[in-house]
Each structure stands twice: as structure tokens, then as C-alpha cells.
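Pasting query-v3.txt here (compact mmCIF, C-alpha atoms):
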# COMPACT_ATOMS: atom_id res chain seq x y z
CA MET A 1 -40.20 22.94 72.65
CA LEU A 2 -43.72 23.20 71.48
CA ARG A 3 -44.82 23.44 67.90
CA GLN A 4 -46.72 26.48 66.88
CA ILE A 5 -50.28 25.93 65.95
CA LYS A 6 -50.93 27.09 62.41
CA SER A 7 -54.19 27.90 60.75
CA LYS A 8 -55.36 26.10 57.63
CA GLN A 9 -54.73 29.27 55.60
CA GLU A 10 -51.12 29.50 56.78
CA ILE A 11 -50.49 25.83 55.90
CA GLU A 12 -52.04 26.28 52.41
CA LYS A 13 -50.05 29.49 51.86
CA LYS A 14 -46.78 27.75 52.78
CA SER A 15 -47.63 24.76 50.57
CA LYS A 16 -48.41 27.06 47.59
CA ARG A 17 -45.15 28.94 48.14
CA ASN A 18 -43.16 25.65 48.22
CA GLN A 19 -44.92 24.45 45.07
CA LEU A 20 -44.15 27.76 43.33
CA ILE A 21 -40.46 27.53 44.31
CA VAL A 22 -40.12 23.89 43.13
CA GLY A 23 -42.05 24.65 39.91
CA SER A 24 -39.84 27.68 39.18
CA ILE A 25 -36.70 25.64 39.75
CA LEU A 26 -37.94 22.89 37.39
CA ILE A 27 -38.91 25.40 34.69
CA GLY A 28 -35.54 27.12 35.03
CA LEU A 29 -33.75 23.79 34.80
CA MET A 30 -35.68 22.88 31.65
CA ILE A 31 -34.86 26.23 30.02
CA LEU A 32 -31.17 25.99 30.92
CA SER A 33 -30.98 22.38 29.67
CA THR A 34 -32.53 23.31 26.33
CA ALA A 35 -30.28 26.35 25.97
CA GLY A 36 -27.19 24.35 26.95
CA TYR A 37 -28.01 21.61 24.47
CA SER A 38 -28.47 24.09 21.63
CA PHE A 39 -25.21 25.91 22.45
CA LEU A 40 -23.15 22.76 22.94
CA ASP A 41 -24.48 21.08 19.80
CA SER A 42 -22.26 22.54 17.11
CA GLY A 43 -24.31 20.91 14.38
CA ASP A 44 -21.32 18.69 13.53
CA SER A 45 -23.14 15.36 13.36
CA GLY A 46 -20.66 13.89 10.92
CA ALA A 47 -23.20 13.72 8.11
CA ASP A 48 -21.80 16.90 6.59
CA LYS A 49 -18.13 15.81 6.71
CA LYS A 50 -16.83 15.20 3.22
CA SER A 51 -13.51 14.52 1.58
CA GLU A 52 -12.28 13.77 -1.90
CA TYR A 53 -9.41 11.59 -3.08
CA ARG A 54 -8.50 11.14 -6.74
CA GLY A 55 -12.02 11.98 -7.84
CA LEU A 56 -13.77 9.73 -5.30
CA LYS A 57 -16.04 11.44 -2.79
CA PHE A 58 -16.00 10.23 0.80
CA ASN A 59 -18.71 11.03 3.37
CA LEU A 60 -18.40 10.44 7.10
CA VAL A 61 -21.49 8.47 8.14
CA ASN A 62 -21.82 6.88 11.58
CA GLY A 63 -18.08 7.11 12.16
CA LEU A 64 -17.06 5.43 8.89
CA TRP A 65 -15.84 7.03 5.67
CA GLN A 66 -18.05 5.85 2.83
CA THR A 67 -17.52 6.03 -0.91
CA GLU A 68 -19.34 4.53 -3.84
CA MET A 69 -17.76 2.77 -6.79
CA GLN A 70 -19.85 1.31 -9.62
CA GLY A 71 -22.96 1.59 -7.47
CA ILE A 72 -21.44 -0.32 -4.55
CA SER A 73 -20.83 1.36 -1.19
CA PHE A 74 -17.51 0.77 0.60
CA LYS A 75 -16.73 1.77 4.20
CA PHE A 76 -13.46 2.59 5.92
CA GLN A 77 -12.12 3.78 9.29
CA TYR A 78 -9.55 6.02 7.59
CA LEU A 79 -9.38 8.14 4.46
CA PRO A 80 -6.96 7.03 1.73
CA GLN A 81 -4.63 9.96 2.46
CA ASP A 82 -4.38 8.75 6.09
CA VAL A 83 -3.03 5.32 5.07
CA GLU A 84 -1.32 5.93 1.71
CA ASN A 85 2.12 5.97 3.36
CA ILE A 86 1.71 2.44 4.75
CA SER A 87 3.94 -0.06 2.94
CA VAL A 88 1.66 -2.31 0.87
CA ILE A 89 3.38 -4.89 -1.32
CA GLY A 90 1.47 -7.36 -3.46
CA ASN A 91 -0.60 -7.96 -6.55
CA PHE A 92 -4.16 -8.01 -5.24
CA SER A 93 -7.25 -9.11 -7.17
CA MET A 94 -10.90 -8.96 -6.19
CA GLN A 95 -11.41 -12.08 -8.34
CA ASN A 96 -9.71 -14.14 -5.60
CA TYR A 97 -12.63 -13.49 -3.28
CA ILE A 98 -15.72 -13.87 -5.47
CA ASN A 99 -17.76 -16.85 -4.23
CA ASN A 100 -14.84 -18.20 -2.17
CA VAL A 101 -14.31 -18.71 1.55
CA LEU A 102 -12.18 -16.08 3.29
CA TYR A 103 -10.11 -17.43 6.17
CA VAL A 104 -8.72 -15.27 8.95
CA VAL A 105 -5.83 -15.92 11.32
CA ASN A 106 -5.56 -13.91 14.57
CA ASN A 107 -8.84 -12.14 13.92
CA ASN A 108 -8.95 -8.59 15.26
CA GLN A 109 -11.19 -5.57 14.79
CA GLY A 110 -9.39 -4.65 11.58
CA PHE A 111 -10.90 -7.73 9.99
CA GLN A 112 -14.36 -6.25 10.46
CA ASP A 113 -13.38 -3.43 8.07
CA ILE A 114 -12.37 -5.99 5.46
CA TYR A 115 -15.47 -8.09 6.05
CA ILE A 116 -17.83 -5.11 5.71
CA ASN A 117 -16.43 -4.45 2.24
CA LEU A 118 -16.04 -8.05 1.03
CA GLU A 119 -19.15 -9.69 2.50
CA GLN A 120 -21.10 -9.13 -0.72
CA TYR A 121 -18.46 -11.03 -2.71
CA ILE A 122 -17.33 -13.90 -0.49
CA LEU A 123 -19.11 -17.14 0.32
CA ARG A 124 -18.36 -16.91 4.06
CA THR A 125 -15.58 -16.24 6.56
CA GLN A 126 -13.97 -18.76 8.86
CA PRO A 127 -11.19 -18.69 11.46
CA ALA A 128 -8.16 -20.76 10.46
CA CYS A 129 -4.62 -21.72 11.43
CA LEU A 130 -1.60 -21.47 9.14
CA ASN A 131 0.09 -24.78 8.45
CA ASN A 132 3.33 -23.69 10.16
CA SER A 133 1.77 -22.54 13.44
CA ASN A 134 1.08 -24.24 16.76
CA CYS A 135 -2.62 -23.52 16.45
CA THR A 136 -4.93 -26.55 16.74
CA GLU A 137 -8.36 -25.08 17.43
CA PHE A 138 -9.22 -24.19 13.79
CA PRO A 139 -8.74 -25.89 10.42
CA VAL A 140 -5.16 -25.74 9.13
CA LYS A 141 -4.83 -23.85 5.84
CA THR A 142 -2.01 -22.94 3.48
CA CYS A 143 -1.39 -19.82 1.44
CA ASP A 144 -3.02 -21.53 -1.54
CA GLU A 145 -6.33 -20.36 -0.07
CA ASN A 146 -7.62 -16.86 0.70
CA ILE A 147 -6.26 -16.07 4.16
CA ILE A 148 -5.89 -12.78 5.96
CA VAL A 149 -3.32 -12.94 8.75
CA PHE A 150 -3.04 -10.25 11.42
CA LYS A 151 0.30 -10.02 13.21
CA GLU A 152 1.43 -7.77 16.02
CA SER A 153 4.20 -5.38 15.06
CA ASN A 154 5.48 -1.90 15.86
CA GLU A 155 5.21 -0.90 12.20
CA THR A 156 2.06 -1.18 10.11
CA SER A 157 2.53 -2.87 6.74
CA VAL A 158 0.73 -5.16 4.31
CA SER A 159 2.34 -7.88 2.22
CA GLN A 160 1.29 -10.87 0.18
CA ASP A 161 2.51 -14.48 0.10
CA ASN A 162 0.57 -16.25 -2.68
CA LYS A 163 -3.06 -15.86 -1.49
CA CYS A 164 -2.10 -14.96 2.11
CA ILE A 165 -2.45 -11.31 3.00
CA LEU A 166 -0.24 -10.40 5.96
CA ILE A 167 -1.33 -7.32 7.90
CA ASN A 168 1.25 -6.26 10.48
CA GLY A 169 0.79 -3.66 13.21
CA ASP A 170 -2.35 -1.51 13.48
CA GLY A 171 -5.16 -3.76 12.23
CA PHE A 172 -7.53 -0.90 11.33
CA ARG A 173 -4.99 1.11 9.36
CA GLY A 174 -3.53 -1.98 7.71
CA ALA A 175 -6.97 -3.31 6.77
CA ASP A 176 -7.95 0.01 5.22
CA ALA A 177 -4.64 0.31 3.35
CA TYR A 178 -5.15 -3.22 1.99
CA MET A 179 -8.75 -2.55 0.93
CA TYR A 180 -7.80 0.73 -0.80
CA HIS A 181 -5.13 -1.13 -2.78
CA LEU A 182 -7.43 -4.06 -3.54
CA LEU A 183 -10.06 -1.67 -4.90
CA GLY A 184 -7.47 0.31 -6.85
CA ILE A 185 -8.16 3.54 -4.95
CA ILE A 186 -4.51 3.97 -3.91

Kindly transcribe the structure held in the file into C-alpha cells.
Amino acid sequence: MLRQIKSKQEIEKKSKRNQLIVGSILIGLMILSTAGYSFLDSGDSGADKKSEYRGLKFNLVNGLWQTEMQGISFKFQYLPQDVENISVIGNFSMQNYINNVLYVVNNNQGFQDIYINLEQYILRTQPACLNNSNCTEFPVKTCDENIIVFKESNETSVSQDNKCILINGDGFRGADAYMYHLLGII
């Protein structure tokens, strides 16, 4: 089979037609992308999500609920009404943390919620072992020092043994329930 011989004009005409088709497709794609983005974006960026609990205003910012008390911002994964039914037993005081080391046993992501809110008060954080455990990789501490202990459990609860705070179950929900009680919000 032999190829047809084409004139320079025919080649240029075909090239212009191909360029016009590709250009039209790209322009159409750009228009559809812009339209799709504007229709799919509901404007719900989270910045306009607000809630109130016992006179405190909470705003959802970057996935965390924030409130301000006495000019200090506090951040949480959950609103107080989402964790107020968690059993929290203890007599908590912010004074225990001011300029003291905060130890953590079985650190999990829930501890980050506590740390975010206490970092401005504490000296530092440090992993630790409880004196009655088989742990040997961290310093051994007793409940005479500020320790937060995370334990696996099917039920989320928070309790206190001297200065040990025991958070059982869901670390995020337990940490938020503890912080709300510590701050006197719940």
C-alpha cells in the first residue's frame, strides 16, 4: 500500500484542525473542572462551624474544636456534649501540672490532645513505666508524680489514683473528657 502524496496546504490544514480539536478539548476540560469544583465545594470549610456549651463558644478550626477561656485557647477532638456521658471520677487540679513534668504510660494519639492543652503549663513530657509493670525501657514512676496512663478497654472511662490519671478505652474521647473536667467545663 502506497501513501498518498499530500500538498503542503493539506498538511497545514490537517495540523490546524488537530490543534483546534485538542485546544477545544483542553478549554472544555478547564471549564468543566472549574464548574465541577464550584458545584462540589459546598462552602463548608469548617471555619463557620460553631457550637456552644454552658456559655462557652466552640469553633471548628482545622478539624479541632477550639474554645477560649481567660484568653487561653484550648483544642479538642470532641465537643463537651459528645463526651459528657463518659464516666470521669476524680478530683482534678490544674495546679498539679504547672511547671512540673508530665509522664505518660502507653502513649497514644489521645495524649496529643492533652499535650496540646497542657504544653503551656508543664515543664516537659516524658514516657514512663508504672512501678508495678514489667516495663524496663523508661524510668519507673509512682502515682506520687503526674502520670497519664492509657489502657485498652471496651468501655471509655477516666479515673484517678493519687496523681495518676487512668484513661481507659478510646484515647481521644477519654482525653477530651478528662481535659473538660480538668478545666471545669463539664

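The space separating atom CA of A:Phe76 from atom CA of A:Gln112 comes to 10.0 Å.
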
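Shortest atom-to-atom contact with A:Leu123 among A:Ile89, A:Asn100, A:Ile27, A:Gly63: A:Asn100, counting all atoms listed in the file.
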
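Proximity of A:Gln66, A:Gln4, A:Ser24, A:Gln81 to A:Arg54, computed with only C-alpha atoms, is greatest for A:Gln81.
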
Give me the residues within 9 Å of stretch 116-120 of chain A as a PyMOL selection string, counting only C-alpha atoms and dropping any in the same chain fewer than 4 places off. chain A and resi 73-76+94+97-98+111-112+124-125+179

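Among A:Leu56, A:Leu20, A:Leu64, A:Val105, the residue with the shortest atom-to-atom distance to A:Thr136, counting only C-alpha atoms, is A:Val105.
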
For A:Cys143: contacts at 6 Å, only C-alpha atoms, fewer than 2 positions along chain excluded, given as a list in words = Glu145, Asn162, Lys163 and Cys164 of chain A

Students should find that atom CA of A:Ser93 and atom CA of A:Tyr178 are spaced 11.1 Å

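Checking A:Tyr78, A:Phe172, A:Phe150, A:Tyr103 one by one against A:Phe58, counting all atoms listed in the file, you find the shortest gap at A:Tyr78.
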
Of A:Ile122, A:Ile148, A:Leu130, A:Ile186, the one nearest to A:Ile86 when counting all atoms listed in the file is A:Ile186

For A:Cys135, work out the shell of residues within 12 Å, counting only C-alpha atoms and skipping chain neighbours fewer than 6 positions away, then give it as an MDAnalysis selection string.
chainID A and resid 105:106 127:129 141

Would you mind putting N, CA and C atoms back on stretch 76-103 of chain A and writing the result as a PDB file, in the frame of the given file?
ATOM      1  N   PHE A  76     -14.808   2.626   5.381  1.00  0.00           N
ATOM      2  CA  PHE A  76     -13.460   2.590   5.920  1.00  0.00           C
ATOM      3  C   PHE A  76     -13.369   3.383   7.218  1.00  0.00           C
ATOM      4  N   GLN A  77     -12.414   3.010   8.080  1.00  0.00           N
ATOM      5  CA  GLN A  77     -12.120   3.780   9.290  1.00  0.00           C
ATOM      6  C   GLN A  77     -11.333   5.040   8.946  1.00  0.00           C
ATOM      7  N   TYR A  78     -10.461   4.930   7.936  1.00  0.00           N
ATOM      8  CA  TYR A  78      -9.550   6.020   7.590  1.00  0.00           C
ATOM      9  C   TYR A  78      -9.743   6.415   6.129  1.00  0.00           C
ATOM     10  N   LEU A  79      -9.406   7.658   5.840  1.00  0.00           N
ATOM     11  CA  LEU A  79      -9.380   8.140   4.460  1.00  0.00           C
ATOM     12  C   LEU A  79      -8.134   7.599   3.763  1.00  0.00           C
ATOM     13  N   PRO A  80      -8.149   7.527   2.435  1.00  0.00           N
ATOM     14  CA  PRO A  80      -6.960   7.030   1.730  1.00  0.00           C
ATOM     15  C   PRO A  80      -5.699   7.819   2.061  1.00  0.00           C
ATOM     16  N   GLN A  81      -5.809   9.143   2.171  1.00  0.00           N
ATOM     17  CA  GLN A  81      -4.630   9.960   2.460  1.00  0.00           C
ATOM     18  C   GLN A  81      -4.058   9.685   3.847  1.00  0.00           C
ATOM     19  N   ASP A  82      -4.860   9.081   4.744  1.00  0.00           N
ATOM     20  CA  ASP A  82      -4.380   8.750   6.090  1.00  0.00           C
ATOM     21  C   ASP A  82      -3.573   7.450   6.112  1.00  0.00           C
ATOM     22  N   VAL A  83      -3.718   6.613   5.074  1.00  0.00           N
ATOM     23  CA  VAL A  83      -3.030   5.320   5.070  1.00  0.00           C
ATOM     24  C   VAL A  83      -2.171   5.105   3.822  1.00  0.00           C
ATOM     25  N   GLU A  84      -2.070   6.113   2.957  1.00  0.00           N
ATOM     26  CA  GLU A  84      -1.320   5.930   1.710  1.00  0.00           C
ATOM     27  C   GLU A  84       0.178   5.751   1.926  1.00  0.00           C
ATOM     28  N   ASN A  85       0.696   6.130   3.081  1.00  0.00           N
ATOM     29  CA  ASN A  85       2.120   5.970   3.360  1.00  0.00           C
ATOM     30  C   ASN A  85       2.473   4.623   3.983  1.00  0.00           C
ATOM     31  N   ILE A  86       1.469   3.784   4.214  1.00  0.00           N
ATOM     32  CA  ILE A  86       1.710   2.440   4.750  1.00  0.00           C
ATOM     33  C   ILE A  86       2.284   1.580   3.623  1.00  0.00           C
ATOM     34  N   SER A  87       3.332   0.831   3.925  1.00  0.00           N
ATOM     35  CA  SER A  87       3.940  -0.060   2.940  1.00  0.00           C
ATOM     36  C   SER A  87       2.968  -1.192   2.605  1.00  0.00           C
ATOM     37  N   VAL A  88       2.569  -1.263   1.343  1.00  0.00           N
ATOM     38  CA  VAL A  88       1.660  -2.310   0.870  1.00  0.00           C
ATOM     39  C   VAL A  88       2.315  -2.940  -0.364  1.00  0.00           C
ATOM     40  N   ILE A  89       2.680  -4.209  -0.237  1.00  0.00           N
ATOM     41  CA  ILE A  89       3.380  -4.890  -1.320  1.00  0.00           C
ATOM     42  C   ILE A  89       2.583  -6.133  -1.706  1.00  0.00           C
ATOM     43  N   GLY A  90       2.188  -6.199  -2.975  1.00  0.00           N
ATOM     44  CA  GLY A  90       1.470  -7.360  -3.460  1.00  0.00           C
ATOM     45  C   GLY A  90       0.705  -7.040  -4.725  1.00  0.00           C
ATOM     46  N   ASN A  91       0.208  -8.086  -5.348  1.00  0.00           N
ATOM     47  CA  ASN A  91      -0.600  -7.960  -6.550  1.00  0.00           C
ATOM     48  C   ASN A  91      -1.980  -8.496  -6.194  1.00  0.00           C
ATOM     49  N   PHE A  92      -2.878  -7.615  -5.803  1.00  0.00           N
ATOM     50  CA  PHE A  92      -4.160  -8.010  -5.240  1.00  0.00           C
ATOM     51  C   PHE A  92      -5.249  -8.031  -6.325  1.00  0.00           C
ATOM     52  N   SER A  93      -6.165  -8.993  -6.204  1.00  0.00           N
ATOM     53  CA  SER A  93      -7.250  -9.110  -7.170  1.00  0.00           C
ATOM     54  C   SER A  93      -8.551  -9.444  -6.449  1.00  0.00           C
ATOM     55  N   MET A  94      -9.576  -8.703  -6.761  1.00  0.00           N
ATOM     56  CA  MET A  94     -10.900  -8.960  -6.190  1.00  0.00           C
ATOM     57  C   MET A  94     -11.422 -10.320  -6.651  1.00  0.00           C
ATOM     58  N   GLN A  95     -10.969 -10.789  -7.799  1.00  0.00           N
ATOM     59  CA  GLN A  95     -11.410 -12.080  -8.340  1.00  0.00           C
ATOM     60  C   GLN A  95     -11.098 -13.237  -7.381  1.00  0.00           C
ATOM     61  N   ASN A  96     -10.057 -13.093  -6.565  1.00  0.00           N
ATOM     62  CA  ASN A  96      -9.710 -14.140  -5.600  1.00  0.00           C
ATOM     63  C   ASN A  96     -10.807 -14.388  -4.577  1.00  0.00           C
ATOM     64  N   TYR A  97     -11.655 -13.399  -4.357  1.00  0.00           N
ATOM     65  CA  TYR A  97     -12.630 -13.490  -3.280  1.00  0.00           C
ATOM     66  C   TYR A  97     -14.034 -13.875  -3.741  1.00  0.00           C
ATOM     67  N   ILE A  98     -14.344 -13.671  -5.003  1.00  0.00           N
ATOM     68  CA  ILE A  98     -15.720 -13.870  -5.470  1.00  0.00           C
ATOM     69  C   ILE A  98     -16.126 -15.333  -5.310  1.00  0.00           C
ATOM     70  N   ASN A  99     -17.181 -15.533  -4.515  1.00  0.00           N
ATOM     71  CA  ASN A  99     -17.760 -16.850  -4.230  1.00  0.00           C
ATOM     72  C   ASN A  99     -16.758 -17.840  -3.634  1.00  0.00           C
ATOM     73  N   ASN A 100     -15.807 -17.350  -2.870  1.00  0.00           N
ATOM     74  CA  ASN A 100     -14.840 -18.200  -2.170  1.00  0.00           C
ATOM     75  C   ASN A 100     -14.902 -17.931  -0.673  1.00  0.00           C
ATOM     76  N   VAL A 101     -14.395 -18.873   0.101  1.00  0.00           N
ATOM     77  CA  VAL A 101     -14.310 -18.710   1.550  1.00  0.00           C
ATOM     78  C   VAL A 101     -13.111 -17.819   1.858  1.00  0.00           C
ATOM     79  N   LEU A 102     -13.278 -16.929   2.820  1.00  0.00           N
ATOM     80  CA  LEU A 102     -12.180 -16.080   3.290  1.00  0.00           C
ATOM     81  C   LEU A 102     -11.824 -16.524   4.699  1.00  0.00           C
ATOM     82  N   TYR A 103     -10.589 -16.971   4.864  1.00  0.00           N
ATOM     83  CA  TYR A 103     -10.110 -17.430   6.170  1.00  0.00           C
ATOM     84  C   TYR A 103      -9.371 -16.289   6.859  1.00  0.00           C
TER      85      TYR A 103
END
